[in-house]
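Enquirer: See data.txt below, with compact mmCIF, C-alpha atoms.
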# COMPACT_ATOMS: atom_id res chain seq x y z
CA MET A 254 2.78 -22.24 0.06
CA PRO A 255 1.64 -25.66 -1.24
CA LEU A 256 -1.78 -27.13 -0.50
CA VAL A 257 -2.25 -30.14 1.77
CA THR A 258 -4.94 -32.82 1.46
CA HIS A 259 -5.72 -35.58 3.95
CA ARG A 260 -6.52 -39.26 3.91
CA PRO A 261 -10.15 -39.09 5.06
CA ILE A 262 -10.06 -40.82 8.43
CA THR A 263 -13.07 -38.70 9.44
CA PRO A 264 -15.90 -37.26 7.30
CA GLY A 265 -14.64 -33.71 7.91
CA GLN A 266 -11.30 -34.58 6.29
CA ARG A 267 -12.80 -35.90 3.05
CA PHE A 268 -12.98 -32.50 1.33
CA LEU A 269 -10.51 -30.64 3.56
CA VAL A 270 -7.77 -28.76 1.69
CA ARG A 271 -5.40 -26.68 3.82
CA VAL A 272 -2.56 -24.33 3.04
CA LYS A 273 0.72 -25.72 4.36
CA THR A 274 1.76 -23.73 7.42
CA GLU A 275 5.42 -24.68 7.36
CA GLY A 276 7.55 -21.90 8.86
CA LEU A 277 4.71 -20.16 10.69
CA HIS A 278 5.19 -19.26 14.34
CA THR A 279 3.39 -21.81 16.55
CA GLY A 280 3.32 -19.82 19.81
CA ARG A 281 1.22 -16.94 21.02
CA PRO A 282 1.36 -13.48 19.41
CA GLU A 283 3.41 -10.61 20.80
CA ARG A 284 1.42 -9.55 23.86
CA ALA A 285 2.24 -5.82 23.64
CA LEU A 286 0.84 -5.74 20.08
CA THR A 287 -2.50 -7.39 20.87
CA GLU A 288 -5.75 -6.08 22.25
CA SER A 289 -9.20 -7.47 23.00
CA ASN A 290 -11.62 -7.61 20.12
CA HIS A 291 -15.32 -7.05 20.78
CA ARG A 292 -17.35 -9.30 18.49
CA ALA A 293 -20.44 -7.43 17.40
CA ARG A 294 -22.04 -10.54 15.81
CA GLY A 295 -23.57 -8.34 13.13
CA ARG A 296 -25.31 -6.00 15.61
CA ASN A 297 -25.10 -2.23 15.69
CA CYS A 298 -24.94 -0.03 18.80
CA TYR A 299 -28.69 -0.58 19.37
CA GLY A 300 -28.41 -4.35 19.28
CA ARG A 301 -30.16 -4.63 15.93
CA ILE A 302 -28.84 -6.99 13.28
CA THR A 303 -27.42 -4.95 10.41
CA SER A 304 -25.18 -7.67 8.93
CA ARG A 305 -26.92 -11.03 8.79
CA ARG A 306 -25.55 -14.54 9.31
CA ARG A 307 -22.83 -13.60 11.80
CA GLY A 308 -22.41 -14.94 15.31
CA GLY A 309 -20.63 -17.47 17.47
CA GLY A 310 -17.08 -18.24 16.46
CA HIS A 311 -13.90 -18.64 18.41
CA LYS A 312 -12.48 -15.86 20.55
CA LYS A 313 -9.72 -13.86 18.82
CA LEU A 314 -7.16 -11.30 19.92
CA TYR A 315 -6.68 -8.39 17.53
CA ARG A 316 -3.09 -7.87 16.32
CA THR A 317 -2.18 -4.19 15.91
CA VAL A 318 -0.74 -3.86 12.39
CA ASP A 319 1.43 -0.94 11.28
CA PHE A 320 -0.35 0.23 8.12
CA ARG A 321 1.32 3.67 8.13
CA ARG A 322 4.98 2.53 7.92
CA ASP A 323 6.04 6.00 9.13
CA ARG A 324 9.34 4.99 10.79
CA LEU A 325 11.51 6.28 7.98
CA ASP A 326 15.04 5.05 7.20
CA GLU A 327 15.03 2.62 10.14
CA VAL A 328 16.01 -0.88 9.08
CA ALA A 329 13.93 -3.62 10.71
CA THR A 330 14.61 -7.36 10.89
CA VAL A 331 11.90 -10.00 10.37
CA LEU A 332 11.77 -12.10 13.55
CA ARG A 333 8.99 -14.48 12.51
CA ILE A 334 5.94 -15.00 10.28
CA GLU A 335 2.65 -15.45 12.15
CA TYR A 336 -0.92 -16.52 11.49
CA ASP A 337 -3.58 -13.87 12.04
CA PRO A 338 -7.16 -15.07 12.73
CA ASN A 339 -8.56 -11.63 11.84
CA ARG A 340 -7.45 -11.60 8.19
CA THR A 341 -6.55 -13.93 5.33
CA SER A 342 -2.93 -12.77 5.06
CA HIS A 343 -0.09 -13.62 7.41
CA LEU A 344 1.83 -11.15 9.57
CA ALA A 345 5.54 -10.47 9.85
CA LEU A 346 6.91 -9.43 13.25
CA LEU A 347 9.58 -6.75 12.82
CA GLU A 348 12.27 -5.70 15.28
CA TYR A 349 13.93 -2.29 14.92
CA ALA A 350 17.38 -1.32 16.17
CA ASP A 351 15.93 0.06 19.42
CA LYS A 352 14.21 -3.33 20.08
CA THR A 353 10.78 -1.92 19.21
CA LEU A 354 8.44 -4.49 17.69
CA SER A 355 5.67 -4.06 15.13
CA TYR A 356 3.53 -6.14 12.81
CA ILE A 357 3.18 -5.66 9.04
CA LEU A 358 1.41 -7.75 6.43
CA ALA A 359 3.86 -10.39 5.25
CA PRO A 360 4.58 -10.06 1.49
CA ASP A 361 5.07 -13.19 -0.59
CA GLY A 362 8.73 -14.21 -0.47
CA LEU A 363 9.58 -12.45 2.81
CA LYS A 364 11.56 -14.75 5.11
CA VAL A 365 12.79 -14.74 8.69
CA GLY A 366 15.98 -12.71 8.96
CA ASP A 367 15.23 -10.45 5.99
CA LYS A 368 15.66 -6.68 6.32
CA VAL A 369 12.85 -4.25 5.46
CA VAL A 370 12.79 -0.47 5.51
CA SER A 371 10.41 2.41 4.91
CA THR A 372 11.99 5.40 3.20
CA ASN A 373 11.38 8.48 1.07
CA THR A 374 14.48 8.06 -1.07
CA ALA A 375 14.73 6.07 -4.30
CA GLN A 376 16.13 2.53 -4.03
CA GLU A 377 18.07 0.53 -6.60
CA GLN A 378 16.32 -2.75 -5.76
CA LEU A 379 12.60 -3.01 -5.11
CA VAL A 380 12.53 -5.94 -2.68
CA PRO A 381 9.34 -7.29 -1.04
CA GLY A 382 8.48 -5.32 2.09
CA LEU A 383 10.06 -2.06 0.96
CA SER A 384 7.72 0.89 1.64
CA LEU A 385 7.98 3.90 -0.69
CA PRO A 386 5.85 6.76 -2.01
CA LEU A 387 4.25 5.86 -5.33
CA ARG A 388 6.34 8.47 -7.16
CA LEU A 389 9.52 6.47 -6.40
CA ILE A 390 8.23 3.11 -7.60
CA ALA A 391 8.90 1.94 -11.15
CA PRO A 392 5.90 1.46 -13.46
CA ALA A 393 4.50 -2.09 -13.84
CA THR A 394 5.57 -2.95 -10.27
CA PHE A 395 3.23 -5.10 -8.18
CA ILE A 396 2.43 -3.36 -4.89
CA HIS A 397 0.13 -3.79 -1.92
CA CYS A 398 -0.94 -1.88 1.22
CA VAL A 399 -1.60 1.28 -0.79
CA GLU A 400 -2.81 4.49 0.84
CA ILE A 401 -5.78 6.42 -0.53
CA GLU A 402 -4.66 9.67 1.10
CA PRO A 403 -1.06 10.49 2.14
CA GLY A 404 -0.44 9.58 5.78
CA ARG A 405 -3.80 7.90 6.27
CA GLY A 406 -2.49 4.34 6.29
CA ALA A 407 -2.84 1.48 3.84
CA GLN A 408 -6.37 0.65 2.68
CA ILE A 409 -5.98 -0.97 -0.77
CA ALA A 410 -4.78 -4.54 -1.58
CA ARG A 411 -4.47 -6.03 1.89
CA SER A 412 -5.99 -9.52 1.53
CA ALA A 413 -4.06 -12.74 0.89
CA GLY A 414 -2.59 -12.85 -2.61
CA GLY A 415 -3.83 -9.32 -3.33
CA PHE A 416 -1.88 -6.71 -5.26
CA ALA A 417 -2.30 -3.55 -7.30
CA GLN A 418 -0.15 -2.58 -10.27
CA LEU A 419 1.38 0.83 -10.81
CA LEU A 420 0.81 1.83 -14.42
CA GLY A 421 2.54 5.22 -14.39
CA ILE A 422 2.82 8.71 -12.95
CA GLU A 423 1.02 11.66 -14.52
CA ASP A 424 0.93 15.26 -13.22
CA GLY A 425 1.67 14.30 -9.61
CA ARG A 426 -0.86 11.48 -9.70
CA ALA A 427 -0.21 7.75 -9.91
CA ILE A 428 -2.32 5.54 -12.15
CA LEU A 429 -3.12 2.23 -10.45
CA ARG A 430 -4.87 -0.92 -11.56
CA LEU A 431 -6.66 -2.16 -8.44
CA PRO A 432 -7.39 -5.81 -7.56
CA SER A 433 -10.98 -5.34 -8.83
CA GLY A 434 -9.68 -4.32 -12.27
CA GLU A 435 -10.55 -0.67 -11.74
CA GLN A 436 -8.00 1.90 -12.91
CA ARG A 437 -7.85 5.17 -11.02
CA TYR A 438 -5.71 8.12 -10.03
CA ILE A 439 -4.12 8.27 -6.56
CA HIS A 440 -1.87 11.00 -5.15
CA ALA A 441 1.77 10.20 -5.93
CA GLU A 442 2.81 10.92 -2.33
CA CYS A 443 0.72 8.01 -1.03
CA ARG A 444 2.81 5.14 0.30
CA ALA A 445 2.74 1.56 -0.93
CA THR A 446 4.65 -1.61 -0.15
CA VAL A 447 6.48 -3.52 -2.88
CA GLY A 448 5.36 -7.07 -3.58
CA ILE A 449 2.27 -9.27 -3.38
CA VAL A 450 0.53 -10.07 -0.11
CA GLY A 451 1.56 -13.52 1.11
CA ASN A 452 -0.51 -16.68 1.64
CA VAL A 453 -1.38 -16.61 -2.06
CA ASP A 454 -2.98 -20.10 -2.01
CA HIS A 455 -5.60 -19.05 0.52
CA HIS A 456 -8.40 -18.95 -2.07
CA ASN A 457 -7.64 -22.56 -3.10
CA ALA A 458 -8.24 -23.94 0.41
CA SER A 459 -11.44 -25.77 1.31
CA LEU A 460 -12.88 -25.79 4.82
CA GLY A 461 -14.08 -29.36 4.44
CA LYS A 462 -17.11 -29.13 6.74
CA ALA A 463 -19.78 -26.68 7.86
CA GLY A 464 -18.44 -26.68 11.43
CA ARG A 465 -15.29 -24.78 10.42
CA ASN A 466 -17.51 -21.99 9.10
CA ARG A 467 -19.16 -21.83 12.52
CA TRP A 468 -15.73 -21.57 14.16
CA LYS A 469 -15.17 -18.49 12.01
CA GLY A 470 -18.44 -16.92 13.15
CA ARG A 471 -20.30 -17.53 9.89
CA ARG A 472 -23.84 -18.76 10.41
CA PRO A 473 -25.85 -20.76 7.84
CA ARG A 474 -27.37 -19.02 4.82
CA VAL A 475 -30.81 -20.01 3.55
CA ARG A 476 -31.71 -19.20 -0.07
CA GLY A 477 -34.60 -16.82 -0.51
CA ILE A 478 -36.01 -19.04 -3.26
CA ALA A 479 -36.43 -21.83 -0.68
CA MET A 480 -38.52 -19.63 1.66
CA ASN A 481 -42.23 -18.86 1.76
CA PRO A 482 -43.66 -15.68 0.17
CA VAL A 483 -44.23 -14.19 3.62
CA ASP A 484 -40.52 -14.46 4.39
CA HIS A 485 -38.86 -13.38 1.15
CA PRO A 486 -39.79 -11.76 -2.20
CA ASN A 487 -38.32 -14.77 -4.04
CA GLY A 488 -40.20 -17.31 -1.92
CA GLY A 489 -43.13 -19.51 -2.85
CA GLY A 490 -44.06 -21.32 -6.01
CA GLY A 491 -45.20 -24.85 -6.67
CA GLY A 492 -42.13 -26.96 -6.08
CA LYS A 493 -38.74 -25.81 -7.24
CA SER A 494 -39.17 -22.58 -9.20
CA LYS A 495 -37.21 -19.64 -10.47
CA GLY A 496 -38.03 -16.91 -7.97
CA GLY A 497 -41.45 -17.42 -6.44
CA GLY A 498 -43.09 -19.22 -9.32
CA GLY A 499 -42.47 -16.29 -11.66
CA ARG A 500 -39.38 -14.99 -13.39
CA GLN A 501 -38.73 -11.94 -11.23
CA HIS A 502 -35.19 -10.82 -10.47
CA LEU A 503 -33.41 -12.04 -7.37
CA LYS A 504 -33.86 -9.64 -4.48
CA SER A 505 -33.02 -9.15 -0.83
CA PRO A 506 -35.72 -9.61 1.85
CA TRP A 507 -36.31 -5.85 1.53
CA SER A 508 -36.75 -6.07 -2.26
CA GLN A 509 -33.41 -4.55 -3.23
CA LEU A 510 -32.09 -6.09 -6.45
CA ALA A 511 -29.36 -8.63 -5.72
CA LYS A 512 -27.67 -8.69 -9.14
CA GLY A 513 -26.70 -5.89 -11.48
CA PHE A 514 -27.93 -3.11 -9.19
CA PRO A 515 -25.26 -0.40 -8.71
CA THR A 516 -24.81 0.38 -5.02
CA ARG A 517 -21.94 2.88 -5.35
CA THR A 518 -22.95 6.42 -4.38
CA LYS A 519 -23.26 8.54 -7.52
CA SER A 520 -22.11 11.67 -5.68
CA LYS A 521 -18.99 10.03 -4.20
CA ALA A 522 -16.22 12.64 -4.11
CA SER A 523 -13.57 10.34 -5.59
CA ASN A 524 -15.63 9.30 -8.63
CA ASN A 525 -13.75 11.79 -10.80
CA GLN A 526 -10.49 9.91 -10.08
CA ILE A 527 -11.69 6.73 -11.82
CA ILE A 528 -10.33 6.08 -15.32
CA VAL A 529 -11.73 2.60 -15.99
CA ARG A 530 -14.42 1.02 -13.83
CA ARG A 531 -14.22 -2.50 -12.54
CA ASN A 532 -16.66 -3.66 -15.24
CA GLY A 533 -14.24 -2.44 -17.93
CA ARG A 534 -16.15 0.68 -18.92
CA LYS A 535 -14.09 3.79 -19.47
CA VAL A 536 -15.11 6.91 -17.60
CA LYS A 537 -15.37 10.14 -19.51
CA GLN A 538 -12.90 12.57 -17.96
CA VAL A 539 -14.16 16.10 -17.32
In structure tokens, how does this file's structure come out?
Expert:
Amino acid sequence: MPLVTHRPITPGQRFLVRVKTEGLHTGRPERALTESNHRARGRNCYGRITSRRRGGGHKKLYRTVDFRRDRLDEVATVLRIEYDPNRTSHLALLEYADKTLSYILAPDGLKVGDKVVSTNTAQEQLVPGLSLPLRLIAPATFIHCVEIEPGRGAQIARSAGGFAQLLGIEDGRAILRLPSGEQRYIHAECRATVGIVGNVDHHNASLGKAGRNRWKGRRPRVRGIAMNPVDHPNGGGGGKSKGGGGRQHLKSPWSQLAKGFPTRTKSKASNNQIIVRRNGRKVKQV
């Protein structure tokens, strides 16, 4: 979708860049596929802030998305493409032959009236929206909504413009290049959807003003270097300084390194499935 700029009649329009929403449904979502969404505002079950700078924002209904695609060999028709306030990608409303409705992430190129299907048999044409096990997808194909475990539902490559690439099949395992650049093994029976997630220009948009961030529930962020020493490890210093007057590394308020510090659990069970890490380093296979 092309980007849209505005003649700045107001200050908020001066830097505003939107993605053109031509063809998107303008009405309310399908009521049977929505549910209330409790906004935690960054608090845990004890009311303590565990994720900072979250709060406020507009009320949103959660759209129930079919990430399993387990209705096999049932052709569905795309009724409309909708905006989803809970994610960066758009949704496609599907209608099956028995008039059942469901939402899926809308792949790039999917249009109203197109037919999509989820199947376990090989297909001659790999069209956007087709859901197949990885073992039936041709190498070098761009895919999204990839499962980590068979039947668990899609967890990989779900954001706008996101995709993974199937590199090949080896001993019942698929080799994938993930959006982060990591290459890893995944069970070949895991399902994936052909194509790239739609709304590919999302990352080129500009909110234009701080107020739109507040509508999204994102509160202001203050740099630690601008704080006092009592408030942050990087605070203090005479005037503008690099980290509290000294040259210490950037840290969180609890002194955890902010850059270059590996946070991935070393004993993670799936570590042995990684071939190339996201930083480009090859992993020695045992």
Enquirer: With region 383-388 of chain A as the partner and 10 Å as the cut-off, tabulate the residues of region 257-337 of chain A that qualify, each row holding the nearest pair of atoms and their distance in Å to one decimal, using all atoms listed in the file, sorted by chain and rising number, as CSV.
Expert:
residue,atom,partner,partner_atom,distance
A:Arg321,CA,A:Ser384,CA,9.5
A:Arg322,CA,A:Ser384,CA,7.0
A:Asp323,CA,A:Ser384,CA,9.2
A:Leu325,CA,A:Ser384,CA,9.1
Enquirer: Take CA of Ser355 (chain A) and CA of Glu283 (chain A) and report the distance between them in Å, one decimal.
Expert: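 Interatomic distance here is 9.0 Å.
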Enquirer: From the set A:Val272, A:Val536, A:Val318, A:Ile262, which residue has the shortest atom-to-atom contact distance to Glu435 (chain A), counting all atoms listed in the file?
Expert: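 Among A:Val272, A:Val536, A:Val318, A:Ile262, it is A:Val536 that comes nearest to Glu435 (chain A).
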Enquirer: With all atoms listed in the file as the atoms that count, which of A:Val380, A:Leu332, A:Val450, A:Val529 lies nearest to Leu431 (chain A)?
Expert: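 Residue with the minimum atom-to-atom distance to Leu431 (chain A): A:Val529.
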Enquirer: Quick one: of A:Gln526, A:Asn452, A:Ser304, A:Ser433, who's nearest to Arg340 (chain A), counting all atoms listed in the file?
Expert: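 Going through A:Gln526, A:Asn452, A:Ser304, A:Ser433 one by one, the smallest distance to Arg340 (chain A) is for A:Asn452.
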Enquirer: Kindly give the distance, in Å, that separates CA of Phe268 (chain A) and CA of Phe416 (chain A), rounded to a single decimal.
Expert: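 Taking CA of Phe268 (chain A) and CA of Phe416 (chain A), their separation equals 28.8 Å.
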Enquirer: Which residue is closest to His502 (chain A)? Choose from A:Cys398, A:Lys462, A:His456, A:Ile478 and count all atoms listed in the file.
Expert: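 Among the listed residues, the smallest separation from His502 (chain A) belongs to A:Ile478.
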Enquirer: A:Ala479, A:Val399, A:Val270, A:Ala522: which is nearest Thr446 (chain A), counting all atoms listed in the file?
Expert: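 For Thr446 (chain A), the nearest of the given residues is A:Val399.
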Enquirer: Could you give me, as a VMD selection string, the residues within 9 Å of region 394-396 of chain A, counting all atoms listed in the file and dropping anything in the same chain fewer than 4 positions from it?
Expert: chain A and resid 379 381 390 410 415 to 420 445 to 450
Enquirer: Write only C-alpha atoms for region 330-364 of chain A from the block just shown, as a PDB file, in the first residue's frame.
Expert:
ATOM      1  CA  THR A 330     -13.711 -17.031   0.622  1.00  0.00           C
ATOM      2  CA  VAL A 331     -12.225 -13.682   1.671  1.00  0.00           C
ATOM      3  CA  LEU A 332     -15.139 -11.396   2.576  1.00  0.00           C
ATOM      4  CA  ARG A 333     -13.123  -8.311   3.525  1.00  0.00           C
ATOM      5  CA  ILE A 334      -9.777  -6.974   4.758  1.00  0.00           C
ATOM      6  CA  GLU A 335      -9.897  -5.261   8.165  1.00  0.00           C
ATOM      7  CA  TYR A 336      -7.724  -3.095  10.381  1.00  0.00           C
ATOM      8  CA  ASP A 337      -6.697  -4.616  13.705  1.00  0.00           C
ATOM      9  CA  PRO A 338      -5.715  -2.210  16.523  1.00  0.00           C
ATOM     10  CA  ASN A 339      -3.957  -5.026  18.409  1.00  0.00           C
ATOM     11  CA  ARG A 340      -1.283  -5.745  15.785  1.00  0.00           C
ATOM     12  CA  THR A 341       0.577  -4.128  12.906  1.00  0.00           C
ATOM     13  CA  SER A 342      -0.797  -6.475  10.237  1.00  0.00           C
ATOM     14  CA  HIS A 343      -4.273  -6.446   8.754  1.00  0.00           C
ATOM     15  CA  LEU A 344      -6.849  -9.231   9.072  1.00  0.00           C
ATOM     16  CA  ALA A 345      -8.795 -11.107   6.419  1.00  0.00           C
ATOM     17  CA  LEU A 346     -12.326 -12.259   7.282  1.00  0.00           C
ATOM     18  CA  LEU A 347     -12.964 -15.720   5.824  1.00  0.00           C
ATOM     19  CA  GLU A 348     -16.300 -17.403   5.178  1.00  0.00           C
ATOM     20  CA  TYR A 349     -16.454 -21.194   4.815  1.00  0.00           C
ATOM     21  CA  ALA A 350     -19.095 -23.179   2.940  1.00  0.00           C
ATOM     22  CA  ASP A 351     -21.128 -23.691   6.139  1.00  0.00           C
ATOM     23  CA  LYS A 352     -21.203 -19.872   6.685  1.00  0.00           C
ATOM     24  CA  THR A 353     -18.687 -20.090   9.537  1.00  0.00           C
ATOM     25  CA  LEU A 354     -16.477 -17.016   9.834  1.00  0.00           C
ATOM     26  CA  SER A 355     -12.883 -16.691  11.011  1.00  0.00           C
ATOM     27  CA  TYR A 356     -10.028 -14.215  10.940  1.00  0.00           C
ATOM     28  CA  ILE A 357      -6.521 -14.874   9.592  1.00  0.00           C
ATOM     29  CA  LEU A 358      -3.585 -12.538   9.072  1.00  0.00           C
ATOM     30  CA  ALA A 359      -3.957 -11.006   5.628  1.00  0.00           C
ATOM     31  CA  PRO A 360      -0.980 -11.886   3.371  1.00  0.00           C
ATOM     32  CA  ASP A 361       0.320  -9.311   0.921  1.00  0.00           C
ATOM     33  CA  GLY A 362      -1.617  -9.591  -2.340  1.00  0.00           C
ATOM     34  CA  LEU A 363      -4.734 -11.250  -0.876  1.00  0.00           C
ATOM     35  CA  LYS A 364      -7.899  -9.576  -2.172  1.00  0.00           C
TER      36      LYS A 364
END
